[in-house]
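Chemist: Here you go, this is structure-v1.cif (mmCIF, C-alpha atoms and all ligand atoms).
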data_structure
loop_
_atom_site.label_atom_id
_atom_site.label_comp_id
_atom_site.auth_asym_id
_atom_site.auth_seq_id
_atom_site.Cartn_x
_atom_site.Cartn_y
_atom_site.Cartn_z
CA MET A 1 0.00 0.00 0.00
CA GLY A 2 0.94 3.65 -0.36
CA ARG A 3 3.49 3.31 -3.16
CA ALA A 4 3.57 5.24 -6.42
CA PRO A 5 1.10 3.92 -9.02
CA SER A 6 2.54 1.69 -11.75
CA PRO A 7 2.88 3.19 -15.22
CA ALA A 8 -0.40 2.81 -17.08
CA VAL A 9 -0.90 0.49 -20.01
CA LEU A 10 -3.42 2.14 -22.33
CA ASP A 11 -5.96 0.50 -24.62
CA ARG A 12 -6.77 1.68 -28.15
CA LEU A 13 -9.21 4.26 -26.71
CA SER A 14 -6.54 5.57 -24.27
CA ARG A 15 -8.14 3.92 -21.23
CA PRO A 16 -5.70 2.68 -18.58
CA LEU A 17 -6.03 -0.70 -16.87
CA ARG A 18 -6.92 0.24 -13.29
CA ASP A 19 -9.22 -2.37 -11.83
CA VAL A 20 -9.80 -6.08 -12.03
CA ARG A 21 -12.73 -8.22 -10.98
CA ILE A 22 -11.75 -11.72 -10.09
CA SER A 23 -14.42 -14.41 -10.26
CA LEU A 24 -13.75 -17.11 -7.66
CA THR A 25 -16.36 -19.58 -8.87
CA ASP A 26 -19.03 -19.89 -11.54
CA ARG A 27 -21.35 -21.54 -9.01
CA CYS A 28 -24.02 -19.85 -6.95
CA ASN A 29 -26.49 -20.74 -4.23
CA PHE A 30 -29.02 -18.34 -5.82
CA ARG A 31 -30.73 -18.49 -9.18
CA CYS A 32 -31.49 -14.83 -9.78
CA GLN A 33 -33.79 -14.57 -12.76
CA TYR A 34 -31.70 -11.80 -14.32
CA CYS A 35 -28.39 -13.69 -13.97
CA MET A 36 -28.70 -17.49 -13.61
CA PRO A 37 -32.30 -18.36 -14.48
CA ARG A 38 -33.17 -21.70 -12.90
CA GLU A 39 -34.57 -23.10 -16.14
CA VAL A 40 -31.06 -22.85 -17.60
CA PHE A 41 -28.90 -23.39 -14.52
CA GLY A 42 -30.80 -26.49 -13.37
CA PRO A 43 -29.58 -29.71 -11.75
CA GLY A 44 -27.96 -30.92 -14.98
CA PHE A 45 -25.94 -27.75 -15.59
CA ARG A 46 -22.22 -28.38 -15.94
CA PHE A 47 -20.23 -26.01 -13.81
CA LEU A 48 -16.46 -25.87 -13.89
CA PRO A 49 -14.75 -28.82 -12.20
CA THR A 50 -12.57 -27.81 -9.25
CA ALA A 51 -9.37 -28.65 -11.11
CA GLU A 52 -10.21 -25.97 -13.67
CA LEU A 53 -10.55 -23.20 -11.11
CA LEU A 54 -7.54 -21.02 -10.52
CA THR A 55 -5.82 -21.93 -7.27
CA PHE A 56 -5.06 -19.27 -4.66
CA ASP A 57 -1.41 -19.35 -5.79
CA GLU A 58 -2.47 -18.68 -9.37
CA ILE A 59 -4.89 -15.91 -8.39
CA GLU A 60 -2.23 -14.21 -6.28
CA ARG A 61 0.32 -14.42 -9.05
CA LEU A 62 -2.07 -12.96 -11.59
CA ALA A 63 -3.10 -10.22 -9.19
CA ARG A 64 0.56 -9.23 -8.81
CA VAL A 65 0.89 -9.10 -12.59
CA PHE A 66 -2.21 -6.90 -12.87
CA VAL A 67 -0.84 -4.56 -10.22
CA SER A 68 2.45 -4.30 -12.11
CA LEU A 69 0.40 -3.05 -15.07
CA GLY A 70 -1.37 -0.30 -13.11
CA VAL A 71 -4.24 -2.01 -11.28
CA ASP A 72 -4.87 -0.72 -7.77
CA LYS A 73 -8.43 -1.93 -7.26
CA VAL A 74 -9.40 -5.59 -6.94
CA ARG A 75 -12.93 -6.91 -6.47
CA LEU A 76 -13.71 -10.54 -5.66
CA THR A 77 -16.91 -11.78 -7.21
CA GLY A 78 -18.50 -14.70 -9.04
CA GLY A 79 -20.86 -16.61 -9.07
CA GLU A 80 -21.03 -16.42 -5.32
CA PRO A 81 -17.53 -15.80 -3.93
CA LEU A 82 -18.42 -16.97 -0.41
CA LEU A 83 -18.87 -20.48 -1.80
CA ARG A 84 -15.10 -20.64 -2.19
CA PRO A 85 -13.58 -22.42 0.83
CA ARG A 86 -10.91 -20.58 2.86
CA LEU A 87 -11.76 -17.20 1.36
CA PRO A 88 -10.14 -15.18 4.20
CA GLU A 89 -6.83 -16.85 3.33
CA LEU A 90 -7.04 -15.56 -0.24
CA VAL A 91 -8.09 -12.11 0.99
CA ALA A 92 -5.06 -11.97 3.28
CA ARG A 93 -2.76 -12.86 0.39
CA LEU A 94 -4.24 -10.22 -1.90
CA ALA A 95 -4.38 -7.54 0.80
CA ARG A 96 -0.63 -7.93 1.32
CA ILE A 97 0.25 -7.14 -2.31
CA PRO A 98 1.91 -3.70 -2.44
CA GLY A 99 -0.17 -1.54 -4.76
CA VAL A 100 -3.58 -3.07 -3.97
CA GLU A 101 -5.20 0.05 -2.56
CA ASP A 102 -8.78 -1.14 -2.65
CA LEU A 103 -9.83 -4.76 -2.06
CA ALA A 104 -13.57 -5.40 -2.21
CA LEU A 105 -16.07 -8.24 -2.36
CA THR A 106 -19.53 -8.52 -3.92
CA THR A 107 -21.79 -11.17 -2.39
CA ASN A 108 -25.43 -12.16 -2.25
CA GLY A 109 -24.98 -12.20 1.54
CA PHE A 110 -26.52 -15.62 2.16
CA LEU A 111 -23.31 -16.96 3.72
CA LEU A 112 -22.12 -13.70 5.26
CA THR A 113 -22.45 -14.62 8.93
CA PRO A 114 -20.95 -12.39 11.66
CA GLU A 115 -18.02 -14.85 11.95
CA ARG A 116 -17.28 -14.76 8.23
CA ALA A 117 -17.63 -10.99 8.04
CA SER A 118 -15.17 -10.57 10.94
CA ALA A 119 -12.72 -13.06 9.44
CA LEU A 120 -12.77 -11.24 6.10
CA ARG A 121 -12.28 -7.90 7.79
CA ALA A 122 -9.40 -9.24 9.87
CA ALA A 123 -7.83 -10.67 6.72
CA GLY A 124 -7.70 -7.20 5.18
CA LEU A 125 -10.83 -6.92 3.06
CA GLY A 126 -11.58 -3.22 2.61
CA ARG A 127 -15.14 -3.09 1.37
CA VAL A 128 -18.22 -5.27 0.99
CA THR A 129 -21.17 -4.94 -1.37
CA VAL A 130 -24.26 -7.02 -0.61
CA SER A 131 -26.88 -7.55 -3.31
CA LEU A 132 -30.51 -7.09 -2.29
CA ASP A 133 -33.27 -6.31 -4.79
CA ALA A 134 -36.38 -5.98 -2.63
CA LEU A 135 -37.55 -5.71 0.97
CA ASP A 136 -40.62 -7.92 0.73
CA ASP A 137 -40.10 -11.65 0.81
CA ALA A 138 -42.41 -12.45 -2.09
CA THR A 139 -40.57 -10.21 -4.56
CA PHE A 140 -37.12 -11.07 -3.30
CA ALA A 141 -37.77 -14.82 -3.30
CA SER A 142 -39.07 -14.69 -6.84
CA LEU A 143 -36.02 -12.69 -7.95
CA ASN A 144 -33.42 -14.90 -6.24
CA GLY A 145 -35.08 -18.03 -7.59
CA VAL A 146 -34.46 -20.14 -4.49
CA GLY A 147 -37.01 -18.72 -2.07
CA VAL A 148 -34.56 -16.98 0.26
CA GLY A 149 -36.20 -14.31 2.40
CA VAL A 150 -35.06 -10.76 3.04
CA GLU A 151 -34.19 -11.12 6.73
CA ARG A 152 -31.20 -13.34 6.08
CA ILE A 153 -29.66 -10.72 3.80
CA LEU A 154 -30.45 -7.84 6.16
CA ALA A 155 -28.64 -9.86 8.83
CA ALA A 156 -25.65 -10.08 6.49
CA VAL A 157 -25.67 -6.30 6.05
CA ARG A 158 -25.71 -5.90 9.83
CA ALA A 159 -22.91 -8.45 10.19
CA ALA A 160 -20.79 -6.54 7.68
CA ALA A 161 -21.39 -3.25 9.45
CA GLU A 162 -20.61 -4.77 12.85
CA ALA A 163 -17.40 -6.25 11.48
CA GLY A 164 -16.31 -2.72 10.61
CA PHE A 165 -17.14 -2.36 6.92
CA SER A 166 -18.30 1.21 6.46
CA PRO A 167 -20.22 2.07 4.46
CA VAL A 168 -21.74 -1.22 3.36
CA LYS A 169 -22.91 -0.91 -0.22
CA LEU A 170 -26.05 -2.60 -1.46
CA ASN A 171 -26.68 -3.51 -5.10
CA ALA A 172 -30.26 -3.63 -6.34
CA VAL A 173 -31.09 -4.60 -9.91
CA VAL A 174 -34.38 -3.02 -10.97
CA LYS A 175 -36.60 -4.90 -13.40
CA ARG A 176 -39.78 -3.46 -14.86
CA GLY A 177 -42.96 -5.01 -13.53
CA VAL A 178 -41.00 -7.04 -10.98
CA ASN A 179 -39.48 -4.78 -8.32
CA GLU A 180 -39.94 -1.13 -9.24
CA HIS A 181 -41.74 -0.68 -5.94
CA ALA A 182 -38.57 -1.80 -4.14
CA VAL A 183 -36.75 1.37 -5.22
CA VAL A 184 -38.47 3.63 -2.70
CA ASP A 185 -38.61 0.80 -0.11
CA LEU A 186 -34.84 0.27 -0.27
CA ALA A 187 -34.05 3.97 -0.35
CA GLY A 188 -36.24 4.55 2.71
CA ARG A 189 -34.89 1.55 4.60
CA PHE A 190 -31.25 2.58 4.22
CA ARG A 191 -31.55 6.34 4.68
CA HIS A 192 -29.88 7.38 7.92
CA THR A 193 -27.91 4.10 8.13
CA GLY A 194 -24.68 5.20 6.45
CA HIS A 195 -25.10 2.37 3.93
CA VAL A 196 -25.26 3.21 0.22
CA VAL A 197 -27.83 1.57 -2.05
CA ARG A 198 -26.83 1.44 -5.70
CA PHE A 199 -29.66 0.87 -8.15
CA ILE A 200 -28.58 -0.97 -11.28
CA GLU A 201 -30.34 -0.90 -14.62
CA TYR A 202 -31.20 -4.42 -15.71
CA MET A 203 -28.55 -5.40 -18.27
CA ASP A 204 -28.37 -7.79 -21.22
CA VAL A 205 -25.50 -9.75 -19.71
CA GLY A 206 -24.94 -13.27 -20.98
CA SER A 207 -27.34 -14.98 -23.33
CA THR A 208 -29.85 -16.68 -21.05
CA ASN A 209 -31.79 -14.09 -19.05
CA GLY A 210 -34.24 -13.23 -21.84
CA TRP A 211 -33.43 -9.51 -21.55
CA ARG A 212 -35.76 -7.06 -23.27
CA PHE A 213 -35.36 -3.31 -23.40
CA GLU A 214 -38.93 -2.93 -22.09
CA ASP A 215 -37.83 -4.56 -18.83
CA VAL A 216 -35.26 -1.85 -18.08
CA VAL A 217 -36.23 0.84 -15.60
CA PRO A 218 -34.08 3.83 -16.63
CA ALA A 219 -31.91 5.41 -13.96
CA ARG A 220 -33.70 8.71 -14.55
CA GLU A 221 -36.98 7.11 -13.51
CA ILE A 222 -35.36 5.47 -10.48
CA LEU A 223 -34.00 8.84 -9.38
CA ASP A 224 -37.32 10.58 -10.01
CA ARG A 225 -39.15 8.04 -7.87
CA ILE A 226 -36.77 8.62 -4.98
CA ALA A 227 -36.47 12.37 -5.41
CA ALA A 228 -40.26 12.76 -5.40
CA ARG A 229 -40.10 11.58 -1.79
CA TRP A 230 -36.68 12.75 -0.67
CA PRO A 231 -34.99 15.43 -2.84
CA LEU A 232 -31.56 14.48 -4.17
CA VAL A 233 -28.41 16.44 -4.99
CA PRO A 234 -25.72 15.12 -7.40
CA VAL A 235 -22.30 14.33 -5.90
CA ALA A 236 -19.00 14.43 -7.83
CA PRO A 237 -17.41 11.04 -8.59
CA ALA A 238 -14.97 9.82 -5.93
CA ARG A 239 -12.55 8.66 -8.63
CA PRO A 240 -12.30 8.69 -12.42
CA GLY A 241 -14.00 5.77 -14.13
CA GLU A 242 -16.50 5.28 -11.30
CA VAL A 243 -19.52 3.47 -12.73
CA ALA A 244 -22.15 4.65 -10.24
CA ARG A 245 -23.49 8.18 -10.46
CA ARG A 246 -23.74 9.43 -6.91
CA TYR A 247 -26.47 11.47 -5.24
CA ARG A 248 -27.00 12.59 -1.66
CA TYR A 249 -30.23 13.31 0.09
CA ALA A 250 -30.77 17.05 0.42
CA ASP A 251 -31.79 16.52 4.05
CA GLY A 252 -28.45 14.91 4.91
CA ALA A 253 -29.81 11.35 5.31
CA GLY A 254 -27.02 9.78 3.27
CA GLU A 255 -26.19 8.81 -0.28
CA ILE A 256 -27.37 6.56 -3.12
CA GLY A 257 -26.00 5.64 -6.55
CA VAL A 258 -27.37 4.60 -9.92
CA ILE A 259 -25.56 2.43 -12.44
CA ALA A 260 -27.03 3.41 -15.78
CA SER A 261 -25.22 1.01 -18.07
CA ILE A 262 -28.13 0.93 -20.53
CA THR A 263 -29.35 4.52 -20.72
CA GLN A 264 -26.12 6.40 -19.91
CA PRO A 265 -23.25 4.10 -20.83
CA PHE A 266 -19.82 4.85 -19.41
CA CYS A 267 -17.50 2.84 -21.69
CA HIS A 268 -15.32 5.90 -22.36
CA GLY A 269 -14.11 5.71 -18.76
CA CYS A 270 -14.04 1.93 -18.38
CA THR A 271 -10.72 0.82 -16.90
CA ARG A 272 -11.82 -2.66 -15.86
CA ALA A 273 -10.66 -6.14 -16.70
CA ARG A 274 -12.28 -9.37 -15.58
CA LEU A 275 -10.65 -12.65 -14.71
CA SER A 276 -12.94 -15.66 -14.84
CA ALA A 277 -12.78 -18.46 -12.30
CA ASP A 278 -10.97 -20.64 -14.86
CA GLY A 279 -8.38 -17.97 -15.58
CA ARG A 280 -9.60 -16.27 -18.72
CA LEU A 281 -9.05 -12.57 -19.14
CA TYR A 282 -12.03 -10.59 -20.43
CA THR A 283 -11.85 -6.92 -21.32
CA CYS A 284 -15.61 -6.29 -21.24
CA LEU A 285 -18.62 -7.50 -19.25
CA PHE A 286 -20.29 -8.31 -22.56
CA ALA A 287 -17.40 -10.21 -24.10
CA ALA A 288 -17.85 -13.38 -26.10
CA GLU A 289 -14.22 -14.45 -25.77
CA GLY A 290 -11.39 -14.21 -23.31
CA LEU A 291 -7.69 -14.97 -23.25
CA ASP A 292 -6.70 -18.17 -21.45
CA LEU A 293 -4.06 -17.31 -18.84
CA ARG A 294 -4.34 -20.57 -16.91
CA THR A 295 -2.73 -22.72 -19.57
CA PRO A 296 0.46 -20.66 -19.84
CA LEU A 297 0.56 -20.39 -16.04
CA ARG A 298 0.36 -24.16 -15.69
CA GLN A 299 2.88 -24.67 -18.46
CA GLY A 300 5.43 -22.71 -16.50
CA ALA A 301 5.30 -19.24 -18.05
CA ASP A 302 7.14 -16.71 -15.92
CA ASP A 303 5.60 -13.46 -14.68
CA GLY A 304 7.17 -11.47 -17.52
CA GLU A 305 5.46 -13.66 -20.12
CA ILE A 306 2.08 -13.42 -18.39
CA ARG A 307 2.56 -9.69 -18.10
CA ARG A 308 3.22 -9.41 -21.84
CA LEU A 309 0.08 -11.44 -22.61
CA VAL A 310 -2.14 -9.26 -20.43
CA ALA A 311 -0.61 -6.01 -21.67
CA GLY A 312 -0.89 -7.20 -25.27
CA VAL A 313 -4.62 -7.85 -24.93
CA TRP A 314 -5.23 -4.58 -23.12
CA ARG A 315 -3.34 -2.53 -25.72
CA LEU A 316 -5.61 -3.92 -28.45
CA ARG A 317 -8.81 -3.35 -26.48
CA ILE A 318 -11.55 -1.45 -28.29
CA ASP A 319 -14.56 -2.63 -26.22
CA ARG A 320 -17.42 -0.18 -25.88
CA TYR A 321 -20.38 -2.53 -26.01
CA SER A 322 -22.81 -0.46 -23.96
CA GLU A 323 -22.20 2.63 -26.06
CA GLU A 324 -22.70 0.54 -29.20
CA ARG A 325 -25.90 -0.88 -27.74
CA ALA A 326 -27.14 2.64 -27.12
CA GLU A 327 -26.28 3.60 -30.71
CA GLN A 328 -27.56 0.54 -32.58
CA GLY A 329 -29.30 -1.83 -30.15
CA PRO A 330 -28.12 -5.15 -28.70
CA SER A 331 -25.77 -6.58 -31.26
CA ARG A 332 -23.74 -9.46 -29.94
CA ALA A 333 -24.47 -13.17 -29.72
CA ASN A 334 -22.69 -15.72 -27.52
CA LYS A 335 -21.92 -13.35 -24.68
CA VAL A 336 -20.33 -15.20 -21.79
CA GLU A 337 -22.57 -15.53 -18.72
CA MET A 338 -21.92 -13.01 -15.95
CA SER A 339 -21.71 -15.81 -13.38
CA ARG A 340 -18.81 -17.19 -15.39
CA LEU A 341 -16.78 -14.11 -16.23
CA GLY A 342 -17.37 -12.26 -12.98
CA GLY A 343 -20.10 -9.70 -12.33
N1 LIG A 401 -23.22 -13.39 -6.38
C1 LIG A 401 -22.75 -12.11 -6.00
C2 LIG A 401 -23.88 -11.13 -5.88
O1 LIG A 401 -24.97 -11.40 -6.41
O2 LIG A 401 -23.68 -10.09 -5.29
C3 LIG A 401 -21.66 -11.57 -6.90
C4 LIG A 401 -21.79 -11.81 -8.37
S1 LIG A 401 -23.18 -11.00 -9.16
C5 LIG A 401 -23.01 -11.53 -10.83
C6 LIG A 401 -22.62 -9.30 -9.15
C7 LIG A 401 -23.69 -8.25 -9.32
O3 LIG A 401 -24.21 -8.34 -10.63
C8 LIG A 401 -24.88 -8.40 -8.38
O4 LIG A 401 -25.06 -7.23 -7.63
C9 LIG A 401 -26.03 -8.64 -9.32
O5 LIG A 401 -27.21 -8.09 -8.84
C10 LIG A 401 -25.57 -7.99 -10.60
N2 LIG A 401 -26.25 -8.51 -11.78
C11 LIG A 401 -26.40 -9.80 -12.13
N3 LIG A 401 -27.10 -9.89 -13.28
C12 LIG A 401 -27.41 -8.64 -13.66
C13 LIG A 401 -28.14 -8.08 -14.76
N4 LIG A 401 -28.69 -8.84 -15.71
N5 LIG A 401 -28.25 -6.74 -14.83
C14 LIG A 401 -27.69 -5.95 -13.88
N6 LIG A 401 -26.98 -6.41 -12.83
C15 LIG A 401 -26.87 -7.75 -12.71
FE1 LIG A 402 -25.81 -15.65 -7.98
FE2 LIG A 402 -25.09 -13.14 -7.82
FE3 LIG A 402 -25.94 -14.14 -10.15
FE4 LIG A 402 -27.69 -13.82 -8.19
S1 LIG A 402 -26.55 -12.21 -9.23
S2 LIG A 402 -27.45 -15.66 -9.46
S3 LIG A 402 -26.47 -14.21 -6.41
S4 LIG A 402 -24.12 -14.72 -9.09
FE1 LIG A 403 -16.71 -1.46 -19.88
FE2 LIG A 403 -17.72 -3.18 -21.64
FE3 LIG A 403 -19.26 -2.15 -19.70
FE4 LIG A 403 -18.44 -0.62 -21.73
S1 LIG A 403 -19.79 -2.36 -21.87
S2 LIG A 403 -18.44 -0.08 -19.54
S3 LIG A 403 -16.39 -1.45 -22.11
S4 LIG A 403 -17.48 -3.51 -19.41
#
Using structure tokens, write down the structure that the file contains.

Modeler:
Amino acid sequence: MGRAPSPAVLDRLSRPLRDVRISLTDRCNFRCQYCMPREVFGPGFRFLPTAELLTFDEIERLARVFVSLGVDKVRLTGGEPLLRPRLPELVARLARIPGVEDLALTTNGFLLTPERASALRAAGLGRVTVSLDALDDATFASLNGVGVGVERILAAVRAAAEAGFSPVKLNAVVKRGVNEHAVVDLAGRFRHTGHVVRFIEYMDVGSTNGWRFEDVVPAREILDRIAARWPLVPVAPARPGEVARRYRYADGAGEIGVIASITQPFCHGCTRARLSADGRLYTCLFAAEGLDLRTPLRQGADDGEIRRLVAGVWRLRIDRYSEERAEQGPSRANKVEMSRLGG
């Protein structure tokens, strides 16, 4: 921590590589309808065998390579990252890497007990985001696809806060006709708590969620719904390339964010790479292909060779899928599932 940033490697649109999302598993204990619909991810679905997952040694090595190329922000995700055994051990290894300034985790919260939250905090995890899309059990259970109720996730948010994560962020995907009513519920519930709810436009990730533009609730509408009740004031981004647009309540009750990937795409500032659980490097959330880093790693490539591979891919990067979608509509087939490449 605290050392000078590494020299940036720029892509073809002059965007530096600054953050990486590492997927720890393609498996999940939820079947959210917008991510892993249960009709597709049923009992017969073939997830990655354990031997194909990157080991902690491999993840740490790749993280060091990313940092040497300018990354200072690492987020652990999935699938559900808390399904990965011995997670605090991995967190401790990543937190120790000089240059990792921000180490975060996104989880559905189901397994985030007070003990786990404390162990992750003690291991050096900096921030936690918990996903929660509604505050009534009927809506939430239908969205998560496995009948889990809201209380368990609220308990996870409390556990995170008690373990010292501050603020806890909450992610809520908003889908038309399904949970629009949850927008004001969630905003109201987390005002005055110090936690930050981020409302996410429903995205056309992967190829299985049956996404339709009509199902998107635009960020503008989300903000209008909240502001009609509690006036909002825009807040400047905390850092360049931040995906959430931030707002604070005019009455001082805290802050919210909106992630408007569909209606206000932010590809021009996108500095993010993704590493799938089986070690593929993706340069866009909507990618159809990634570069296999696991094979060279297991064949004995040294750090310099891996570094050249990553830098080579980044330098050729021209991804701007969300801006293209806004210009000409959804255009790409065979997009890799978000649970696989890391949400
Ligand atoms: N399982 C963890 C969780 O749900 O927090 C981490 C992985 S999940 C893929 C990461 C984030 O992506 C979650 O907040 C989830 O709500 C969001 N997400 C999944 N599918 C989405 C979609 N179709 N549109 C927008 N956000 C989505
Ligand atoms: Fe699992 Fe997260 Fe996808 Fe829901 S959004 S199915 S919790 S990976
Ligand atoms: Fe980045 Fe791709 Fe999303 Fe654009 S669509 S912001 S390039 S991940």

Chemist: Residues at most 12 Å from ligand LIG 403 (chain A), using only C-alpha atoms and all ligand atoms? Could they come as a PyMOL selection string?

Modeler: chain A and resi 11-13+15-21+203-205+241-244+259-274+282-288+314+317-326+330-332+335+338+341-343

Chemist: Output the neighbourhood of ligand LIG 401 (chain A) as a list in words, that is, all protein and nucleic acid residues with some atom at most 7 Å from the ligand, counting all atoms listed in the file.

Modeler: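 Those residues are Cys28, Tyr34, Cys35, Thr77, Gly78, Gly79, Glu80, Pro81, Thr106, Thr107, Asn108, Thr129, Val130, Ser131, Asn171, Ala172, Val173, Ile200, Glu201, Tyr202, Met203, Asp204, Val205, Asn209, Met338, Ser339, Gly342 and Gly343 of chain A.
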
Chemist: Calculated over only C-alpha atoms and all ligand atoms, which of the candidates A:Glu255, A:Glu180, A:Asp72, A:Asp26 has the smallest distance to ligand LIG 402 (chain A)?

Modeler: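 Ranking A:Glu255, A:Glu180, A:Asp72, A:Asp26 by distance to ligand LIG 402 (chain A), first place goes to A:Asp26.
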
Chemist: Which of these, A:Glu89, A:Asp215, A:Glu115, A:Asp102, has the shortest distance to A:Ala159 once you count all atoms listed in the file?

Modeler: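 Of all the options, A:Glu115 lies closest to A:Ala159.
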
Chemist: Give, as JSON, the centre coordinates and the x, y and z edge lengths in Å to one decimal for an axis-aligned box around all listed atoms of stretch 7-26 of chain A, padded by 5 Å on each side.

Modeler:
{"center_x": -8.1, "center_y": -7.2, "center_z": -17.9, "size_x": 31.9, "size_y": 35.5, "size_z": 30.5}

Chemist: For stretch 230-237 of chain A, work out the shell of residues within 10 Å, counting all atoms listed in the file and skipping chain neighbours fewer than 5 positions away, then give it as a compact mmCIF listing (two decimals) with C-alpha atoms, in the frame of the given file.

Modeler:
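Final output, out.txt:
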# COMPACT_ATOMS: atom_id res chain seq x y z
CA VAL A 184 -38.47 3.63 -2.70
CA ALA A 187 -34.05 3.97 -0.35
CA GLY A 188 -36.24 4.55 2.71
CA ARG A 191 -31.55 6.34 4.68
CA LEU A 223 -34.00 8.84 -9.38
CA ASP A 224 -37.32 10.58 -10.01
CA ARG A 225 -39.15 8.04 -7.87
CA GLU A 242 -16.50 5.28 -11.30
CA VAL A 243 -19.52 3.47 -12.73
CA ALA A 244 -22.15 4.65 -10.24
CA ARG A 245 -23.49 8.18 -10.46
CA ARG A 246 -23.74 9.43 -6.91
CA TYR A 247 -26.47 11.47 -5.24
CA ARG A 248 -27.00 12.59 -1.66
CA TYR A 249 -30.23 13.31 0.09
CA ALA A 250 -30.77 17.05 0.42
CA ASP A 251 -31.79 16.52 4.05
CA GLY A 252 -28.45 14.91 4.91
CA ALA A 253 -29.81 11.35 5.31
CA GLY A 254 -27.02 9.78 3.27
CA GLU A 255 -26.19 8.81 -0.28
CA ILE A 256 -27.37 6.56 -3.12
CA GLY A 257 -26.00 5.64 -6.55

Chemist: Which neighbours of A:Leu120 fall inside 10 Å, counting all atoms listed in the file, when residues of the same chain fewer than 6 positions from it are skipped, and could you give them as number ranges by chain?

Modeler: A: 87-92, 105, 112, 114, 126-128, 160, 163, 165

Chemist: Of the candidates A:Glu60, A:Asp133, A:Glu327, A:Glu101, which shows the shortest atom-to-atom distance to ligand LIG 402 (chain A), using all atoms listed in the file?

Modeler: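 Comparing A:Glu60, A:Asp133, A:Glu327, A:Glu101 against ligand LIG 402 (chain A), the winner is A:Asp133.
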
Chemist: What does the distance from atom CA of A:Trp211 to atom CA of A:Gly147 come to in Å, to one decimal?

Modeler: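 If I compute the distance from atom CA of A:Trp211 to atom CA of A:Gly147, I get 21.8 Å.
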
Chemist: What does the distance from atom CA of A:Ser23 to atom CA of A:Ala138 come to in Å, to one decimal?

Modeler: 29.2 Å

Chemist: With only C-alpha atoms as the atoms that count, which of A:Ala51, A:Ala95, A:Arg86, A:Val217 lies nearest to A:His181?

Modeler: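 Nearest candidate to A:His181 out of A:Ala51, A:Ala95, A:Arg86, A:Val217: A:Val217.
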
Chemist: Render stretch 61-65 of chain A from the structure in the preceding block as a file of all heavy atoms, as a short mmCIF file (atom, residue, chain, number, x, y, z; two decimals), in the first residue's frame.

Modeler:
data_model
loop_
_atom_site.label_atom_id
_atom_site.label_comp_id
_atom_site.auth_asym_id
_atom_site.auth_seq_id
_atom_site.Cartn_x
_atom_site.Cartn_y
_atom_site.Cartn_z
N ARG A 61 -0.68 -14.76 -8.03
CA ARG A 61 0.32 -14.42 -9.05
C ARG A 61 -0.26 -13.48 -10.11
O ARG A 61 0.36 -12.48 -10.48
CB ARG A 61 0.80 -15.71 -9.74
CG ARG A 61 2.23 -16.03 -9.42
CD ARG A 61 2.71 -17.16 -10.28
NE ARG A 61 3.33 -16.68 -11.50
CZ ARG A 61 3.71 -17.49 -12.48
NH1 ARG A 61 3.51 -18.79 -12.39
NH2 ARG A 61 4.29 -17.00 -13.56
N LEU A 62 -1.46 -13.82 -10.57
CA LEU A 62 -2.07 -12.96 -11.59
C LEU A 62 -2.38 -11.58 -11.03
O LEU A 62 -2.18 -10.57 -11.71
CB LEU A 62 -3.33 -13.62 -12.16
CG LEU A 62 -3.06 -14.85 -13.04
CD1 LEU A 62 -4.38 -15.50 -13.47
CD2 LEU A 62 -2.24 -14.47 -14.28
N ALA A 63 -2.82 -11.53 -9.79
CA ALA A 63 -3.10 -10.22 -9.19
C ALA A 63 -1.83 -9.37 -9.15
O ALA A 63 -1.85 -8.17 -9.45
CB ALA A 63 -3.67 -10.40 -7.78
N ARG A 64 -0.71 -9.99 -8.83
CA ARG A 64 0.56 -9.23 -8.81
C ARG A 64 0.90 -8.72 -10.21
O ARG A 64 1.40 -7.60 -10.38
CB ARG A 64 1.70 -10.10 -8.27
CG ARG A 64 1.62 -10.31 -6.78
CD ARG A 64 2.78 -11.15 -6.26
NE ARG A 64 2.59 -11.45 -4.85
CZ ARG A 64 2.94 -10.65 -3.84
NH1 ARG A 64 3.54 -9.50 -4.09
NH2 ARG A 64 2.71 -10.99 -2.60
N VAL A 65 0.64 -9.54 -11.21
CA VAL A 65 0.89 -9.10 -12.59
C VAL A 65 -0.01 -7.92 -12.93
O VAL A 65 0.44 -6.90 -13.49
CB VAL A 65 0.68 -10.27 -13.59
CG1 VAL A 65 0.64 -9.75 -15.02
CG2 VAL A 65 1.75 -11.33 -13.41
#
